[in-house]
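Enquirer: Quick one, protein37.txt (compact mmCIF, C-alpha atoms):
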```txt
# COMPACT_ATOMS: atom_id res chain seq x y z
CA MET J 1 -264.31 -137.13 13.08
CA ASP J 2 -261.32 -135.55 14.80
CA PHE J 3 -259.69 -133.50 12.07
CA ASP J 4 -256.05 -134.45 11.48
CA LEU J 5 -254.64 -130.95 11.14
CA ASP J 6 -251.04 -132.14 11.09
CA ALA J 7 -251.73 -134.41 8.11
CA TYR J 8 -253.46 -131.62 6.22
CA LEU J 9 -250.67 -129.11 6.85
CA GLY J 10 -248.11 -131.70 5.86
CA ARG J 11 -249.95 -132.33 2.60
CA ILE J 12 -249.86 -128.65 1.63
CA GLY J 13 -246.29 -128.23 2.87
CA TYR J 14 -247.18 -125.60 5.47
CA THR J 15 -244.72 -125.30 8.37
CA GLY J 16 -245.41 -121.72 9.47
CA ASP J 17 -247.20 -120.08 12.35
CA ARG J 18 -250.51 -121.65 13.36
CA THR J 19 -251.88 -118.57 15.12
CA PRO J 20 -255.21 -117.68 13.44
CA THR J 21 -254.33 -114.34 11.89
CA ALA J 22 -254.79 -112.70 8.49
CA ALA J 23 -251.17 -113.50 7.63
CA THR J 24 -251.58 -117.17 8.48
CA LEU J 25 -254.78 -117.30 6.43
CA ALA J 26 -252.98 -115.88 3.40
CA ALA J 27 -250.13 -118.38 3.72
CA LEU J 28 -252.54 -121.29 4.05
CA GLN J 29 -254.58 -120.29 1.02
CA ARG J 30 -251.50 -120.02 -1.21
CA ALA J 31 -250.07 -123.28 0.10
CA HIS J 32 -253.28 -125.20 -0.52
CA ILE J 33 -253.83 -123.79 -4.02
CA GLN J 34 -250.25 -124.47 -5.11
CA VAL J 35 -250.23 -128.10 -3.96
CA ILE J 36 -253.66 -129.73 -4.38
CA PRO J 37 -254.90 -129.51 -7.98
CA PHE J 38 -258.42 -128.80 -9.17
CA GLU J 39 -259.93 -131.67 -11.16
CA ASN J 40 -263.32 -133.19 -11.99
CA LEU J 41 -262.39 -136.78 -12.82
CA ASP J 42 -265.00 -138.30 -10.52
CA PRO J 43 -267.99 -136.51 -12.09
CA VAL J 44 -266.63 -137.30 -15.57
CA ARG J 45 -266.67 -141.01 -14.78
CA GLY J 46 -270.11 -140.86 -13.19
CA VAL J 47 -269.04 -140.82 -9.53
CA ILE J 48 -270.58 -138.36 -7.06
CA PRO J 49 -267.68 -137.02 -4.93
CA ALA J 50 -268.10 -137.67 -1.21
CA LEU J 51 -267.94 -134.58 0.99
CA ASP J 52 -267.55 -136.15 4.43
CA LEU J 53 -264.20 -135.40 6.03
CA ASP J 54 -263.07 -139.03 6.15
CA ALA J 55 -263.45 -139.27 2.38
CA LEU J 56 -261.87 -135.89 1.75
CA MET J 57 -258.86 -136.70 3.91
CA ALA J 58 -258.43 -139.99 2.08
CA LYS J 59 -258.69 -138.45 -1.39
CA LEU J 60 -257.03 -135.04 -1.03
CA VAL J 61 -254.59 -135.52 1.85
CA HIS J 62 -253.49 -139.13 2.15
CA ASP J 63 -253.67 -139.79 -1.60
CA THR J 64 -251.21 -137.35 -3.15
CA THR J 65 -252.18 -138.27 -6.73
CA ARG J 66 -255.65 -136.70 -6.82
CA GLY J 67 -257.38 -133.36 -6.49
CA GLY J 68 -261.02 -132.32 -6.48
CA TYR J 69 -263.46 -129.57 -7.28
CA CYS J 70 -264.77 -126.67 -5.22
CA TYR J 71 -266.98 -128.52 -2.73
CA GLU J 72 -264.16 -130.92 -1.90
CA HIS J 73 -261.44 -128.29 -1.66
CA ASN J 74 -263.36 -125.76 0.37
CA THR J 75 -265.01 -128.28 2.70
CA LEU J 76 -261.57 -129.62 3.60
CA TYR J 77 -260.08 -126.13 3.86
CA ALA J 78 -262.94 -124.95 6.10
CA ALA J 79 -262.31 -127.84 8.48
CA ALA J 80 -258.63 -126.92 8.69
CA LEU J 81 -259.40 -123.26 9.34
CA ARG J 82 -261.83 -124.15 12.11
CA ALA J 83 -259.27 -126.47 13.67
CA LEU J 84 -256.84 -123.55 13.75
CA GLY J 85 -259.34 -121.26 15.47
CA TYR J 86 -260.96 -119.28 12.64
CA ARG J 87 -264.66 -118.72 12.44
CA VAL J 88 -265.80 -119.91 9.02
CA THR J 89 -269.04 -119.27 7.13
CA LEU J 90 -269.84 -121.33 4.03
CA LEU J 91 -271.26 -119.30 1.13
CA THR J 92 -272.50 -120.01 -2.38
CA GLY J 93 -271.77 -118.01 -5.50
CA ARG J 94 -273.13 -117.67 -9.03
CA VAL J 95 -270.30 -118.26 -11.50
CA LEU J 96 -270.24 -115.36 -13.98
CA VAL J 97 -267.34 -116.47 -16.18
CA GLY J 98 -268.74 -116.79 -19.68
CA ALA J 99 -272.20 -115.57 -18.70
CA LYS J 100 -274.11 -113.41 -21.16
CA PRO J 101 -275.90 -110.20 -20.12
CA GLY J 102 -279.17 -111.14 -18.47
CA ASP J 103 -278.15 -114.72 -17.70
CA LEU J 104 -279.27 -115.89 -14.26
CA ARG J 105 -277.21 -118.86 -13.23
CA PRO J 106 -277.86 -120.95 -10.11
CA ARG J 107 -275.64 -120.71 -7.07
CA THR J 108 -273.23 -123.57 -7.60
CA HIS J 109 -269.82 -122.37 -6.37
CA MET J 110 -268.68 -122.88 -2.79
CA LEU J 111 -266.60 -120.14 -1.14
CA LEU J 112 -265.80 -119.11 2.42
CA LEU J 113 -265.79 -116.16 4.78
CA ALA J 114 -263.16 -116.44 7.51
CA GLU J 115 -262.80 -114.40 10.68
CA ALA J 116 -259.72 -114.34 12.91
CA PRO J 117 -259.95 -113.71 16.65
CA GLY J 118 -259.43 -110.03 17.46
CA ASP J 119 -259.63 -108.96 13.80
CA PRO J 120 -262.83 -107.05 12.96
CA ARG J 121 -262.55 -107.80 9.25
CA ARG J 122 -264.14 -110.70 7.41
CA TYR J 123 -262.10 -112.30 4.64
CA LEU J 124 -263.23 -113.88 1.40
CA THR J 125 -261.07 -116.98 1.05
CA ASP J 126 -261.41 -119.63 -1.62
CA VAL J 127 -259.19 -122.53 -2.68
CA GLY J 128 -261.68 -124.19 -5.03
CA PHE J 129 -262.13 -121.88 -8.03
CA GLY J 130 -260.13 -123.68 -10.69
CA SER J 131 -259.52 -120.79 -13.06
CA GLU J 132 -257.02 -118.13 -14.07
CA GLY J 133 -259.37 -115.67 -12.33
CA ALA J 134 -259.11 -117.44 -8.98
CA LEU J 135 -258.22 -115.44 -5.90
CA LEU J 136 -254.71 -116.31 -4.71
CA ASP J 137 -254.87 -114.46 -1.37
CA PRO J 138 -257.75 -113.82 1.02
CA MET J 139 -259.52 -110.52 0.44
CA PRO J 140 -261.23 -108.35 3.07
CA LEU J 141 -264.98 -108.21 2.50
CA ALA J 142 -264.96 -104.56 1.47
CA GLU J 143 -265.22 -102.72 -1.80
CA GLY J 144 -261.83 -102.16 -3.38
CA GLU J 145 -258.90 -103.72 -5.15
CA VAL J 146 -256.13 -106.04 -3.99
CA GLY J 147 -253.02 -107.21 -5.76
CA ASP J 148 -252.59 -110.91 -5.10
CA ASP J 149 -249.39 -111.07 -7.14
CA PRO J 150 -249.29 -111.85 -10.03
CA ARG J 151 -253.06 -111.30 -10.16
CA ARG J 152 -255.36 -108.39 -9.35
CA HIS J 153 -258.88 -108.57 -7.97
CA ARG J 154 -261.71 -106.25 -7.02
CA LEU J 155 -264.77 -106.67 -4.85
CA ALA J 156 -267.82 -104.54 -5.54
CA VAL J 157 -271.40 -104.35 -4.31
CA THR J 158 -273.78 -104.53 -7.27
CA PRO J 159 -277.54 -104.02 -7.59
CA ALA J 160 -279.64 -107.08 -6.90
CA ASP J 161 -283.26 -107.94 -6.15
CA SER J 162 -282.33 -109.17 -2.68
CA PRO J 163 -282.53 -107.97 0.92
CA LEU J 164 -278.82 -108.79 1.21
CA GLU J 165 -275.96 -106.99 -0.50
CA GLN J 166 -274.73 -108.74 -3.60
CA TRP J 167 -270.97 -108.86 -3.95
CA VAL J 168 -269.10 -109.49 -7.20
CA LEU J 169 -265.51 -110.68 -7.43
CA ARG J 170 -263.69 -109.35 -10.49
CA ALA J 171 -260.28 -110.32 -11.89
CA PHE J 172 -258.05 -108.27 -14.16
CA LEU J 173 -257.46 -110.49 -17.19
CA ASP J 174 -256.15 -109.61 -20.64
CA GLY J 175 -256.27 -105.91 -19.89
CA GLU J 176 -259.81 -105.70 -18.53
CA TRP J 177 -261.83 -106.40 -15.39
CA ARG J 178 -263.92 -109.56 -15.72
CA ASP J 179 -266.63 -110.81 -13.39
CA GLN J 180 -265.79 -114.14 -11.74
CA TYR J 181 -268.71 -114.82 -9.40
CA SER J 182 -271.35 -113.06 -7.34
CA PHE J 183 -272.47 -113.94 -3.82
CA THR J 184 -274.28 -112.78 -0.71
CA VAL J 185 -273.27 -113.52 2.86
CA GLU J 186 -276.22 -115.80 3.61
CA PRO J 187 -274.75 -118.87 5.38
CA PHE J 188 -275.06 -122.27 3.73
CA TYR J 189 -274.43 -125.62 5.40
CA GLY J 190 -273.27 -129.14 4.69
CA PRO J 191 -276.71 -130.48 3.63
CA ASP J 192 -277.09 -127.58 1.18
CA PHE J 193 -273.83 -128.51 -0.51
CA ALA J 194 -274.74 -132.19 -0.52
CA VAL J 195 -277.68 -131.29 -2.76
CA ILE J 196 -275.67 -128.92 -4.97
CA ASN J 197 -272.82 -131.42 -5.26
CA PHE J 198 -275.21 -134.20 -6.27
CA PHE J 199 -276.73 -132.04 -8.99
CA MET J 200 -273.44 -130.72 -10.35
CA ALA J 201 -271.78 -134.14 -10.42
CA GLY J 202 -274.77 -136.19 -11.56
CA ASN J 203 -276.86 -134.03 -13.87
CA PRO J 204 -276.14 -134.82 -17.55
CA ARG J 205 -276.32 -131.09 -18.37
CA SER J 206 -273.65 -130.16 -15.85
CA PRO J 207 -270.34 -129.02 -17.38
CA PHE J 208 -268.46 -131.02 -14.75
CA GLY J 209 -269.62 -134.36 -16.14
CA SER J 210 -269.17 -133.64 -19.83
CA ARG J 211 -265.39 -133.33 -20.18
CA VAL J 212 -262.14 -133.63 -18.26
CA TYR J 213 -261.04 -130.38 -16.64
CA ALA J 214 -257.99 -129.80 -14.45
CA CYS J 215 -256.19 -126.73 -13.16
CA ARG J 216 -252.94 -126.41 -11.24
CA THR J 217 -251.60 -123.12 -9.91
CA LEU J 218 -247.84 -122.88 -9.50
CA PRO J 219 -245.83 -119.87 -8.31
CA ASP J 220 -244.78 -118.90 -11.85
CA ARG J 221 -247.47 -120.39 -14.09
CA LEU J 222 -250.97 -121.79 -14.39
CA LEU J 223 -251.66 -125.16 -15.98
CA LYS J 224 -255.08 -125.86 -17.44
CA LEU J 225 -256.49 -128.92 -19.18
CA ASP J 226 -259.91 -128.52 -20.80
CA ALA J 227 -260.93 -131.70 -22.63
CA ARG J 228 -257.87 -132.17 -24.87
CA THR J 229 -256.62 -128.58 -24.83
CA PHE J 230 -253.59 -128.11 -22.57
CA THR J 231 -252.61 -124.51 -21.77
CA VAL J 232 -249.65 -123.17 -19.82
CA SER J 233 -250.09 -119.51 -18.82
CA HIS J 234 -247.11 -117.62 -17.42
CA ALA J 235 -247.06 -114.75 -14.93
CA ASP J 236 -245.93 -112.32 -17.62
CA GLY J 237 -249.16 -112.87 -19.55
CA THR J 238 -247.79 -115.19 -22.24
CA SER J 239 -249.28 -118.63 -22.78
CA VAL J 240 -248.69 -121.76 -24.81
CA LYS J 241 -251.56 -123.97 -25.93
CA ARG J 242 -251.52 -127.39 -27.56
CA GLU J 243 -254.04 -130.03 -28.49
CA LEU J 244 -253.51 -133.52 -27.08
CA ALA J 245 -253.84 -136.45 -29.45
CA ASP J 246 -255.92 -138.91 -27.49
CA ASP J 247 -257.00 -140.18 -24.08
CA ALA J 248 -253.59 -141.74 -23.48
CA GLU J 249 -251.89 -138.36 -23.87
CA VAL J 250 -254.48 -136.79 -21.57
CA ARG J 251 -253.53 -139.31 -18.91
CA THR J 252 -249.84 -138.62 -19.44
CA VAL J 253 -250.27 -134.86 -19.12
CA LEU J 254 -252.44 -135.27 -16.02
CA ALA J 255 -249.72 -137.38 -14.39
CA GLU J 256 -246.63 -135.47 -15.50
CA GLU J 257 -247.89 -131.89 -15.33
CA PHE J 258 -250.67 -131.94 -12.72
CA GLY J 259 -249.53 -134.81 -10.50
CA ILE J 260 -252.89 -136.53 -11.03
CA VAL J 261 -253.16 -140.26 -11.63
CA ALA J 262 -256.43 -140.72 -13.49
CA PRO J 263 -258.67 -143.60 -12.37
CA GLU J 264 -258.90 -146.51 -14.78
CA ALA J 265 -262.50 -145.86 -15.82
CA LEU J 266 -262.43 -142.51 -17.61
CA LYS J 267 -264.74 -141.43 -20.38
CA GLU J 268 -263.15 -140.15 -23.54
CA ALA J 269 -261.80 -136.66 -22.94
```
Translate the structure described by the file into structure tokens.
Expert:
Amino acid sequence: MDFDLDAYLGRIGYTGDRTPTAATLAALQRAHIQVIPFENLDPVRGVIPALDLDALMAKLVHDTTRGGYCYEHNTLYAAALRALGYRVTLLTGRVLVGAKPGDLRPRTHMLLLAEAPGDPRRYLTDVGFGSEGALLDPMPLAEGEVGDDPRRHRLAVTPADSPLEQWVLRAFLDGEWRDQYSFTVEPFYGPDFAVINFFMAGNPRSPFGSRVYACRTLPDRLLKLDARTFTVSHADGTSVKRELADDAEVRTVLAEEFGIVAPEALKEA
């Protein structure tokens, strides 16, 4: 399809420069993350999310009451970046949050490398990692630390049994550096993510189908709903957590706090 760039930029409230530069990339990433929420309501109700651009435009752009998970967010974002003139490579990562030493998880996270004309650097950019450790700004693919205010991140090359360098993204959380995900720069493509998406949304052992999860990043706070636990984390490090009473309250919080109108058929949270 012809990508409707104007509609996408309108959805995320972006009115700035459209020249494909590092600065534009940073503004786009922040705008997308702060407007379109992360949520897994389709997998929870047994629906495999569609990843074709028509479906993504309908769900994430034209419908302003829904969000999606990483394959939806980053597929849409990649299309927008390409329409603006960036070169984009789709990558997969192994999520390391909560992993125990020695765990070998499959590559299930979708992330992007973006290149701007005339800029020799490659940038890790990602709008689909629904977590307090998510990268808020693009990060040059180089070892070192960046401050994506109010967060801090590091990239490091770590040992791996692979002909390609293995990169690890780390976030500074609760006073320590924590691994978020690892990846190599091997390109992946739409059919690869169709398979991964089908498994992650449809497999009964997948965490995405077992409970409601939503995340919304705002300039001054992060909202997270995990089953019936609703947490508001502020930029100063403080947080408030409360347990929701029932499915009706889950729906209310999704609508009032996340801007998400839950479909009628939802499993118990």
Enquirer: Just want the 7 Å neighbourhood of stretch 86-92 of chain J, counted on only C-alpha atoms, with same-chain residues fewer than 5 positions away dropped. Output as a list in words.
Expert: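 With the cut-off at 7 Å, the set is Pro20, Ala78, Leu81, Arg107, Thr108, His109, Met110, Leu111, Leu112, Leu113, Ala114, Glu115, Ala116, Pro117, Phe183, Val185, Glu186, Pro187, Phe188 and Tyr189 of chain J.
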Enquirer: Mind checking which residues fall within 8 Å of stretch 166-180 of chain J, counting all atoms listed in the file, ignoring those fewer than 5 positions away in the same chain, and posting them as number ranges by chain?
Expert: J: 95-97, 133-134, 151-160, 237
Enquirer: For J:His234, list every protein, DNA or RNA residue within 8 Å, evaluated using all atoms listed in the file, and leave out those in the same chain fewer than 4 positions away; present the list as a ChimeraX atom specification.
Expert: /J:220-222,238-239
Enquirer: Would you output that residue set with C-alpha atoms, as a CSV table (one decimal), keeping the file's coordinate frame?
Expert:
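To be explicit, this is the file written out as selection_10.csv:
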```
chain,number,residue,atom,x,y,z
J,220,ASP,CA,-244.8,-118.9,-11.8
J,221,ARG,CA,-247.5,-120.4,-14.1
J,222,LEU,CA,-251.0,-121.8,-14.4
J,238,THR,CA,-247.8,-115.2,-22.2
J,239,SER,CA,-249.3,-118.6,-22.8
```
Enquirer: From the options J:Leu104, J:Met139, J:Val35, J:Ala214, which residue's atoms come nearest to J:Asp126, counting only C-alpha atoms?
Expert: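 Looking at the shortest contact to J:Asp126, the residue is J:Met139.
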Enquirer: Between J:Arg121, J:Arg105, J:Arg211, J:Arg94, which has the minimum distance to J:Tyr181 (counting all atoms listed in the file)?
Expert: J:Arg94
Enquirer: Which one is closest to J:Leu124: J:Asp63, J:Glu143, J:Asp2, J:Asp17? Count only C-alpha atoms.
Expert: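 For J:Leu124, the nearest of the given residues is J:Glu143.
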Enquirer: Find the residue from J:Leu141, J:Gly190, J:Val61, J:Glu132 that sits nearest to J:Leu223; use only C-alpha atoms when measuring.
Expert: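 Looking at the shortest contact to J:Leu223, the residue is J:Glu132.
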Enquirer: Looking at J:Asp226, J:Glu145, J:Asp54, J:Asp4, which one is nearest to J:Val253, with distances taken over all atoms listed in the file?
Expert: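 Using all atoms listed in the file, the shortest distance to J:Val253 belongs to J:Asp226.
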Enquirer: My list of candidates is J:Pro191, J:Gly144, J:Gly202, J:Pro150. Which is closest to J:Thr75 when distances are computed with all atoms listed in the file?
Expert: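 Of J:Pro191, J:Gly144, J:Gly202, J:Pro150, the one nearest J:Thr75 is J:Pro191, counting all atoms listed in the file.
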